[in-house]
$ cat query13.tsv   # TSV, C-alpha atoms
chain	number	residue	atom	x	y	z
A	103	TYR	CA	62.81	71.74	87.71
A	104	ARG	CA	60.84	74.72	86.39
A	105	THR	CA	58.66	74.66	89.52
A	106	ASN	CA	61.76	74.85	91.70
A	107	ILE	CA	63.08	77.79	89.68
A	108	ARG	CA	59.77	79.61	90.11
A	109	LYS	CA	59.75	79.04	93.84
A	110	PHE	CA	63.36	80.17	94.02
A	111	HIS	CA	62.60	83.51	92.38
A	112	GLU	CA	59.50	83.99	94.55
A	113	LEU	CA	61.66	83.60	97.65
A	114	LYS	CA	64.07	86.16	96.18
A	115	SER	CA	61.30	88.79	95.86
A	116	GLY	CA	61.14	88.43	92.12
A	117	GLY	CA	64.49	90.10	91.65
A	118	TYR	CA	63.58	93.31	93.49
A	119	LEU	CA	65.39	94.74	96.49
A	120	PRO	CA	62.69	96.30	98.70
A	121	SER	CA	63.48	98.87	101.38
A	122	ALA	CA	60.81	97.80	103.87
A	123	CYS	CA	59.44	94.27	103.58
A	124	PRO	CA	60.91	91.47	101.41
A	125	THR	CA	57.71	90.87	99.45
A	126	LYS	CA	57.26	90.63	95.73
A	127	GLY	CA	55.98	93.79	94.09
A	128	SER	CA	56.80	96.10	96.99
A	129	LYS	CA	55.95	99.76	96.28
A	130	HIS	CA	59.15	100.84	98.03
A	131	ALA	CA	61.64	98.84	95.99
A	132	LYS	CA	65.14	100.32	96.20
A	133	GLY	CA	66.60	98.40	93.27
A	134	PHE	CA	66.79	95.06	91.55
A	135	TYR	CA	69.25	92.20	91.30
A	136	GLN	CA	69.89	89.02	89.36
A	137	THR	CA	70.23	85.50	90.74
A	138	VAL	CA	71.48	82.30	89.15
A	139	ILE	CA	71.55	78.64	90.10
A	140	SER	CA	74.93	77.01	89.54
A	141	ASP	CA	76.91	73.93	90.46
A	142	SER	CA	79.60	75.96	92.24
A	143	LEU	CA	80.17	79.46	93.56
A	144	ARG	CA	82.84	80.16	90.96
A	145	SER	CA	80.70	79.16	87.98
A	146	GLY	CA	77.80	81.15	89.43
A	147	VAL	CA	79.94	84.28	89.70
A	148	GLN	CA	81.19	83.75	86.14
A	149	SER	CA	77.58	83.54	84.93
A	150	LEU	CA	76.55	86.68	86.80
A	151	ILE	CA	79.48	88.68	85.47
A	152	GLN	CA	78.56	87.78	81.90
A	153	LEU	CA	74.76	88.06	82.18
A	154	VAL	CA	73.96	90.97	84.50
A	155	GLY	CA	72.96	94.30	82.97
A	156	THR	CA	71.28	95.33	79.74
A	157	GLY	CA	73.11	96.72	76.72
A	158	ALA	CA	75.47	99.48	77.79
A	159	MET	CA	73.93	99.51	81.28
A	160	VAL	CA	76.27	96.91	82.68
A	161	PRO	CA	78.36	97.20	85.86
A	162	ASN	CA	82.11	97.64	85.61
A	163	GLY	CA	83.02	96.21	88.99
A	164	VAL	CA	82.45	93.31	91.36
A	165	ILE	CA	82.13	93.74	95.14
A	166	ILE	CA	82.88	90.68	97.24
A	167	GLY	CA	83.29	90.10	100.96
A	168	PHE	CA	86.57	89.00	102.47
A	169	LYS	CA	86.66	85.30	103.33
A	170	SER	CA	87.37	85.67	107.04
A	171	LYS	CA	87.42	81.92	107.81
A	172	TRP	CA	89.94	81.03	105.11
A	173	GLN	CA	92.45	79.72	107.65
A	174	THR	CA	90.13	76.87	108.70
A	175	ASP	CA	88.47	76.25	105.33
A	176	ALA	CA	89.53	73.43	103.05
A	177	ASP	CA	92.18	74.07	100.42
A	178	GLU	CA	89.61	73.60	97.65
A	179	THR	CA	87.40	76.34	99.13
A	180	VAL	CA	90.28	78.79	99.46
A	181	HIS	CA	91.45	78.00	95.93
A	182	GLU	CA	87.95	78.64	94.54
A	183	TYR	CA	87.75	82.03	96.28
A	184	VAL	CA	91.10	83.18	94.88
A	185	GLN	CA	90.07	81.92	91.44
A	186	ILE	CA	86.93	84.10	91.64
A	187	LEU	CA	89.11	87.13	92.33
A	188	ARG	CA	91.37	86.22	89.41
A	189	ASP	CA	88.41	85.59	87.06
A	190	THR	CA	86.99	89.03	87.85
A	191	LEU	CA	90.20	90.82	86.88
A	192	VAL	CA	90.77	88.66	83.80
A	193	MET	CA	87.26	89.47	82.55
A	194	GLY	CA	88.12	93.17	82.67
A	195	TYR	CA	86.12	94.10	85.75
A	196	SER	CA	87.20	96.19	88.70
A	197	LEU	CA	87.37	94.32	91.99
A	198	LEU	CA	86.49	95.54	95.48
A	199	ILE	CA	86.96	93.36	98.59
A	200	VAL	CA	85.13	94.48	101.73
A	201	ALA	CA	86.80	93.56	105.04
A	202	GLY	CA	85.84	94.39	108.61
A	203	PHE	CA	82.59	96.20	107.80
A	204	LYS	CA	80.77	94.28	110.52
A	205	LYS	CA	82.36	96.75	112.95
A	206	ILE	CA	80.31	99.58	111.45
A	207	ASN	CA	76.93	100.44	112.91
A	208	PHE	CA	74.89	101.22	109.79
A	209	PHE	CA	71.84	102.07	111.90
A	210	LEU	CA	73.42	105.38	112.89
A	211	PRO	CA	72.57	108.46	110.80
A	212	GLU	CA	76.27	109.23	110.31
A	213	TYR	CA	79.36	107.10	110.32
A	214	GLY	CA	82.08	107.55	112.90
A	215	PRO	CA	85.10	105.61	114.18
A	216	PRO	CA	85.66	104.57	117.81
A	217	ALA	CA	85.35	107.48	120.21
A	218	TYR	CA	88.99	107.79	121.29
A	219	SER	CA	89.74	110.13	124.17
A	220	PHE	CA	92.14	113.02	123.70
A	221	ALA	CA	94.49	113.84	126.58
A	222	ASP	CA	97.92	115.25	127.26
A	223	ASP	CA	99.68	112.46	129.08
A	224	ASP	CA	102.43	109.93	128.66
A	225	ASP	CA	100.16	107.45	126.89
A	226	GLU	CA	99.78	109.63	123.81
A	227	VAL	CA	101.13	108.51	120.50
A	228	THR	CA	101.52	110.58	117.36
A	229	THR	CA	99.65	108.52	114.82
A	230	TYR	CA	100.31	110.58	111.70
A	231	LYS	CA	103.61	111.84	110.35
A	232	SER	CA	105.36	110.19	113.31
A	233	ALA	CA	107.96	108.67	111.02
A	234	GLY	CA	108.64	111.68	108.88
A	235	MET	CA	105.52	111.83	106.73
A	236	THR	CA	105.72	114.61	104.16
A	237	THR	CA	102.64	116.54	103.11
A	238	GLY	CA	102.01	118.02	99.70
A	239	SER	CA	99.99	120.90	101.14
A	240	THR	CA	101.05	123.94	103.10
A	241	SER	CA	97.87	124.39	105.13
A	242	ASP	CA	98.28	124.38	108.89
A	243	ASN	CA	95.40	121.96	109.39
A	244	GLU	CA	97.01	119.31	107.24
A	245	ARG	CA	100.30	119.68	109.08
A	246	THR	CA	98.79	119.14	112.50
A	247	ASP	CA	99.80	115.92	114.21
A	248	THR	CA	96.93	113.81	115.45
A	249	LYS	CA	97.33	112.46	118.96
A	250	MET	CA	95.10	109.87	120.55
A	251	SER	CA	95.13	108.29	123.96
A	252	LEU	CA	95.61	104.55	124.31
A	253	ALA	CA	93.86	104.44	127.67
A	254	SER	CA	90.84	102.50	126.35
A	255	VAL	CA	92.77	100.35	123.88
A	256	PRO	CA	94.19	97.03	125.13
A	257	ALA	CA	97.79	96.20	124.27
A	258	SER	CA	99.25	92.84	123.34
A	259	GLU	CA	103.02	92.54	123.21
A	260	ASP	CA	104.12	95.56	121.20
A	261	SER	CA	100.89	95.95	119.22
A	262	VAL	CA	97.81	98.02	119.91
A	263	PHE	CA	94.60	96.11	119.22
A	264	ILE	CA	91.60	98.33	118.53
A	265	SER	CA	88.78	95.76	118.47
A	266	LYS	CA	87.58	96.77	121.95
A	267	ALA	CA	87.63	100.43	120.99
A	268	TRP	CA	85.21	99.72	118.14
A	269	ALA	CA	82.81	98.13	120.59
A	270	ASP	CA	83.05	101.02	123.08
A	271	GLY	CA	81.31	103.61	120.94
A	272	GLN	CA	81.28	105.78	117.85
A	273	GLY	CA	82.84	109.19	117.26
A	274	ARG	CA	82.63	111.66	114.37
A	275	HIS	CA	84.70	113.54	111.82
A	276	SER	CA	87.07	110.73	110.93
A	277	TYR	CA	89.39	110.23	107.99
A	278	ILE	CA	89.08	107.89	105.07
A	279	ASP	CA	92.70	107.08	104.26
A	280	VAL	CA	93.31	106.22	100.60
A	281	TRP	CA	96.65	104.51	99.94
A	282	TRP	CA	97.55	105.10	96.29
A	283	MET	CA	100.01	102.41	95.22
A	284	VAL	CA	99.46	102.07	91.47
A	285	ASP	CA	97.50	103.86	88.74
A	286	ASP	CA	94.49	101.61	88.11
A	287	GLY	CA	92.39	104.17	86.27
A	288	GLY	CA	91.53	106.30	89.29
A	289	LEU	CA	88.88	104.02	90.83
A	290	ILE	CA	90.58	104.08	94.22
A	291	MET	CA	90.16	107.87	94.26
A	292	LEU	CA	86.63	107.90	92.87
A	293	VAL	CA	84.93	105.37	95.16
A	294	PRO	CA	85.74	107.16	98.47
A	295	TYR	CA	84.56	110.43	96.89
A	296	ILE	CA	81.23	108.83	95.91
A	297	MET	CA	80.90	107.35	99.41
A	298	LYS	CA	81.42	110.78	100.97
A	299	ARG	CA	78.51	112.18	98.98
A	300	HIS	CA	76.19	109.87	100.93
A	301	ALA	CA	74.82	111.28	104.20
A	302	PHE	CA	76.21	108.35	106.19
A	303	TRP	CA	79.82	109.11	105.18
A	304	SER	CA	79.48	112.87	104.70
A	305	GLN	CA	81.30	113.80	107.94
A	306	CYS	CA	84.44	111.87	106.95
A	307	LYS	CA	87.43	113.65	105.49
A	308	LEU	CA	89.37	112.22	102.57
A	309	ARG	CA	93.13	111.91	102.83
A	310	MET	CA	95.53	110.51	100.25
A	311	LEU	CA	98.73	108.75	101.25
A	312	MET	CA	101.51	107.56	98.97
A	313	VAL	CA	104.64	105.54	99.62
A	314	SER	CA	107.60	107.10	97.87
A	315	GLU	CA	111.37	107.09	97.80
A	316	GLU	CA	112.97	110.20	99.30
A	317	ASP	CA	114.65	111.23	96.05
A	318	THR	CA	111.34	111.27	94.13
A	319	ILE	CA	109.10	112.96	96.72
A	320	SER	CA	109.24	116.45	95.21
A	321	THR	CA	108.31	115.20	91.74
A	322	ASP	CA	105.52	112.96	93.05
A	323	ILE	CA	104.06	115.77	95.18
A	324	SER	CA	103.70	118.12	92.20
A	325	ALA	CA	102.19	115.46	89.93
A	326	MET	CA	99.64	114.19	92.44
A	327	ARG	CA	98.70	117.66	93.68
A	328	GLN	CA	97.98	118.67	90.08
A	329	LEU	CA	95.92	115.52	89.55
A	330	ILE	CA	93.76	116.21	92.61
A	331	HIS	CA	93.29	119.82	91.52
A	332	ASN	CA	92.31	118.93	87.95
A	333	PHE	CA	89.70	116.41	89.04
A	334	ARG	CA	88.34	118.71	91.79
A	335	LEU	CA	88.51	115.99	94.43
A	336	PRO	CA	88.27	117.06	98.10
A	337	TYR	CA	91.38	115.19	99.25
A	338	GLU	CA	93.84	116.39	101.85
A	339	GLY	CA	97.44	115.86	100.89
A	340	PRO	CA	98.94	114.08	99.19
A	341	LEU	CA	100.82	112.85	102.24
A	342	PHE	CA	104.00	110.98	101.41
A	343	VAL	CA	105.19	108.14	103.62
A	344	PRO	CA	108.89	107.27	103.42
A	345	ALA	CA	109.41	103.80	101.99
A	346	LYS	CA	111.16	101.11	104.02
A	347	LYS	CA	113.84	98.86	102.61
A	348	GLU	CA	112.76	95.63	104.32
A	349	PRO	CA	109.80	94.44	106.40
A	350	SER	CA	110.48	93.67	110.05
A	351	VAL	CA	111.30	90.17	111.22
A	352	LYS	CA	108.01	89.91	113.13
A	353	THR	CA	106.02	90.87	110.05
A	354	VAL	CA	107.75	88.21	107.97
A	355	GLN	CA	107.24	85.61	110.70
A	356	ARG	CA	103.53	86.42	110.94
A	357	TYR	CA	103.13	86.14	107.17
A	358	GLU	CA	104.90	82.79	107.11
A	359	SER	CA	102.68	81.58	109.96
A	360	LEU	CA	99.53	82.51	108.04
A	361	ALA	CA	100.74	81.31	104.64
A	362	LYS	CA	102.16	78.02	106.04
A	363	CYS	CA	105.31	78.48	104.01
A	364	LYS	CA	108.57	80.41	104.07
A	365	LEU	CA	108.75	83.76	102.33
A	366	SER	CA	111.72	82.54	100.31
A	367	GLN	CA	109.60	79.67	98.98
A	368	THR	CA	106.99	81.95	97.44
A	369	ALA	CA	106.97	82.69	93.71
A	370	ARG	CA	107.88	86.40	93.99
A	371	PRO	CA	109.33	87.09	97.46
A	372	GLU	CA	110.54	90.60	96.61
A	373	VAL	CA	107.07	91.66	95.49
A	374	ILE	CA	105.50	90.18	98.63
A	375	LYS	CA	108.03	92.07	100.75
A	376	LYS	CA	106.77	95.36	99.33
A	377	TRP	CA	103.21	94.50	100.31
A	378	LEU	CA	104.36	93.41	103.77
A	379	ILE	CA	106.03	96.79	104.17
A	380	LEU	CA	102.67	98.38	103.31
A	381	THR	CA	100.99	96.38	106.10
A	382	GLU	CA	103.43	97.93	108.57
A	383	LEU	CA	102.80	101.43	107.22
A	384	LEU	CA	99.05	100.92	107.47
A	385	TYR	CA	99.42	100.17	111.15
A	386	GLU	CA	101.83	103.04	111.78
A	387	TYR	CA	99.83	105.74	109.97
A	388	SER	CA	96.22	104.60	109.54
A	389	ARG	CA	95.25	102.40	112.45
A	390	TYR	CA	93.09	105.20	113.89
A	391	SER	CA	91.39	106.23	110.66
A	392	GLY	CA	87.72	105.50	110.13
A	393	LEU	CA	88.26	103.53	106.93
A	394	ASN	CA	91.27	102.39	104.92
A	395	VAL	CA	91.18	102.08	101.14
A	396	VAL	CA	94.10	100.05	99.82
A	397	THR	CA	95.25	98.89	96.40
A	398	LEU	CA	94.64	95.19	95.79
A	399	PRO	CA	97.63	92.96	95.00
A	400	ILE	CA	97.13	91.00	91.78
A	401	PRO	CA	96.45	87.28	92.44
A	402	THR	CA	98.86	85.84	89.89
A	403	LYS	CA	98.80	82.18	88.94
A	404	LEU	CA	102.28	81.74	90.40
A	405	MET	CA	101.10	82.69	93.90
A	406	GLN	CA	99.61	79.92	96.01
A	407	PRO	CA	96.06	80.62	97.27
A	408	ARG	CA	96.96	80.56	100.96
A	409	SER	CA	99.99	82.78	100.38
A	410	TYR	CA	97.73	85.31	98.69
A	411	MET	CA	95.05	85.12	101.38
A	412	ALA	CA	97.71	85.66	104.04
A	413	LEU	CA	98.66	88.89	102.30
A	414	LEU	CA	95.03	90.08	102.20
A	415	GLU	CA	94.63	89.12	105.86
A	416	MET	CA	97.53	91.35	106.88
A	417	LEU	CA	96.36	94.26	104.72
A	418	SER	CA	92.96	94.22	106.45
A	419	ASP	CA	93.77	92.85	109.91
A	420	LYS	CA	90.50	93.20	111.80
A	421	ASN	CA	92.29	93.20	115.18
A	422	ARG	CA	94.80	95.94	114.36
A	423	LEU	CA	93.22	98.02	111.59
A	424	PRO	CA	89.90	99.77	110.91
A	425	PRO	CA	87.43	98.52	108.27
A	426	THR	CA	89.25	98.16	104.98
A	427	LEU	CA	88.28	98.33	101.33
A	428	ILE	CA	90.83	96.58	99.12
A	429	MET	CA	90.32	97.41	95.46
A	430	ARG	CA	91.87	97.51	92.03
A	431	GLY	CA	90.45	99.09	88.89
A	432	ASN	CA	90.47	97.52	85.46
A	433	GLY	CA	92.90	100.10	84.07
A	434	GLU	CA	90.24	102.15	82.30
A	435	SER	CA	90.03	105.80	83.35
A	436	THR	CA	87.10	106.50	85.68
A	437	LEU	CA	87.86	110.20	86.19
A	438	THR	CA	87.14	113.12	83.88
A	439	PHE	CA	88.09	116.79	83.78
A	440	TYR	CA	84.68	117.79	82.47
A	441	SER	CA	81.20	117.90	83.93
A	442	GLU	CA	77.87	118.21	82.15
$ encode --input "query13.tsv" --output "structure tokens"
Amino acid sequence: YRTNIRKFHELKSGGYLPSACPTKGSKHAKGFYQTVISDSLRSGVQSLIQLVGTGAMVPNGVIIGFKSKWQTDADETVHEYVQILRDTLVMGYSLLIVAGFKKINFFLPEYGPPAYSFADDDDEVTTYKSAGMTTGSTSDNERTDTKMSLASVPASEDSVFISKAWADGQGRHSYIDVWWMVDDGGLIMLVPYIMKRHAFWSQCKLRMLMVSEEDTISTDISAMRQLIHNFRLPYEGPLFVPAKKEPSVKTVQRYESLAKCKLSQTARPEVIKKWLILTELLYEYSRYSGLNVVTLPIPTKLMQPRSYMALLEMLSDKNRLPPTLIMRGNGESTLTFYSE
């Protein structure tokens, strides 16, 4: 048993993450990591969460990939994945789910979305503020409508699928759209800012979007604008998207098809409706952005695993939306007014 453990760690480069060759003791190691052997994925993740780090130098978040094949996986596998998400939040860690990042070409020096063509013709669609979006800024640049041609994007029924556009090429100067839905400590604002400081994401612009009722827009604008100013974050906006009362029939039907149950049979149908409305707004306002950052719904015990996965699937639809980062903080403040 000890021999197997030793061989296991040798294959894992002794816990180092080299930048060039995966050999033990590399002089160009970029970092280090911890590995465990466990009977199941869930118990292994639980062990890592409790053991990784030294003293106060412990991580405060868990990054996990989206389970793209959940629709064909066994119920036990889907249940285990949702339980891992729930365990992470219960243990007081922030949670980040990465979806659709295989579309991104990380070998490029800078990140860019599909290279959409701009033209003045009948195929143009106004992708931002087309449904009465309100901006919290008075600058002319932030009030400019963005128009993109659909000439290179195939259509299916009444939807525009952008998968082909991602394969056609890369552009530059895109937006990272951050959808603020709930105050989770500010992590959803901090992570995109940290990403932008890296050379790969440096050309992207940050834009904050919020869903709000019409009678509270003025109050929300002042509060969020002050928050962005105090924390010195380079966000455009905030841009306020008018809330809808009900999701469309097609959206509900698609959710029921993925979840294999009726919406009325779920534990909290009214809560799910709000998230389904968000999926529609993501498509209406952010389908041409370079990256979407969305608040993660809480996987409560009352929600069935497949019902929850159906919701995540629609929030990060790889056929209709750009790469998506779904996250939720642990409630502890990650932002500060002061700098050393």
$ atom_distance --input "query13.tsv" --atom1 "CA of Phe333 (chain A)" --atom2 "CA of Trp282 (chain A)"
15.6 Å
$ atom_distance --input "query13.tsv" --atom1 "CA of Asn432 (chain A)" --atom2 "CA of Glu338 (chain A)"
25.2 Å
$ closest_residue --input "query13.tsv" --among "A:Leu191, A:Val293, A:Ala301, A:Leu413" --to "Leu210 (chain A)" --atoms "all atoms listed in the file"
A:Ala301
$ atom_distance --input "query13.tsv" --atom1 "CA of Asp279 (chain A)" --atom2 "CA of Met310 (chain A)"
6.0 Å
$ residues_around --input "query13.tsv" --residues "region 367-371 of chain A" --least-positions-apart "6" --cutoff "9 Å" --atoms "only C-alpha atoms" --output "short mmCIF file (atom, residue, chain, number, x, y, z; two decimals) with C-alpha atoms, in the frame of the given file"
data_model
loop_
_atom_site.label_atom_id
_atom_site.label_comp_id
_atom_site.auth_asym_id
_atom_site.auth_seq_id
_atom_site.Cartn_x
_atom_site.Cartn_y
_atom_site.Cartn_z
CA LEU A 404 102.28 81.74 90.40
CA MET A 405 101.10 82.69 93.90
CA GLN A 406 99.61 79.92 96.01
CA SER A 409 99.99 82.78 100.38
#
$ residues_near_point --input "query13.tsv" --point "(98.2, 96.7, 110.1)" --cutoff "8 Å" --atoms "only C-alpha atoms" --output "ChimeraX atom specification"
/A:381-386,389,416-419,422-423
$ closest_residue --input "query13.tsv" --among "A:Arg430, A:Arg188, A:Lys346, A:Arg408" --to "Met291 (chain A)" --atoms "all atoms listed in the file"
A:Arg430
$ closest_residue --input "query13.tsv" --among "A:Asp286, A:Glu415, A:Glu348, A:Glu372" --to "Gly194 (chain A)" --atoms "only C-alpha atoms"
A:Asp286
$ residues_near_point --input "query13.tsv" --point "(78.0, 109.6, 102.9)" --cutoff "12 Å" --atoms "all atoms listed in the file" --output "PDB file with C-alpha atoms, in the coordinates of the input"
ATOM      1  CA  PHE A 208      74.890 101.220 109.790  1.00  0.00           C
ATOM      2  CA  LEU A 210      73.420 105.380 112.890  1.00  0.00           C
ATOM      3  CA  PRO A 211      72.570 108.460 110.800  1.00  0.00           C
ATOM      4  CA  GLU A 212      76.270 109.230 110.310  1.00  0.00           C
ATOM      5  CA  TYR A 213      79.360 107.100 110.320  1.00  0.00           C
ATOM      6  CA  GLY A 214      82.080 107.550 112.900  1.00  0.00           C
ATOM      7  CA  HIS A 275      84.700 113.540 111.820  1.00  0.00           C
ATOM      8  CA  ILE A 278      89.080 107.890 105.070  1.00  0.00           C
ATOM      9  CA  VAL A 293      84.930 105.370  95.160  1.00  0.00           C
ATOM     10  CA  PRO A 294      85.740 107.160  98.470  1.00  0.00           C
ATOM     11  CA  TYR A 295      84.560 110.430  96.890  1.00  0.00           C
ATOM     12  CA  ILE A 296      81.230 108.830  95.910  1.00  0.00           C
ATOM     13  CA  MET A 297      80.900 107.350  99.410  1.00  0.00           C
ATOM     14  CA  LYS A 298      81.420 110.780 100.970  1.00  0.00           C
ATOM     15  CA  ARG A 299      78.510 112.180  98.980  1.00  0.00           C
ATOM     16  CA  HIS A 300      76.190 109.870 100.930  1.00  0.00           C
ATOM     17  CA  ALA A 301      74.820 111.280 104.200  1.00  0.00           C
ATOM     18  CA  PHE A 302      76.210 108.350 106.190  1.00  0.00           C
ATOM     19  CA  TRP A 303      79.820 109.110 105.180  1.00  0.00           C
ATOM     20  CA  SER A 304      79.480 112.870 104.700  1.00  0.00           C
ATOM     21  CA  GLN A 305      81.300 113.800 107.940  1.00  0.00           C
ATOM     22  CA  CYS A 306      84.440 111.870 106.950  1.00  0.00           C
ATOM     23  CA  LYS A 307      87.430 113.650 105.490  1.00  0.00           C
ATOM     24  CA  LEU A 308      89.370 112.220 102.570  1.00  0.00           C
TER      25      LEU A 308
END
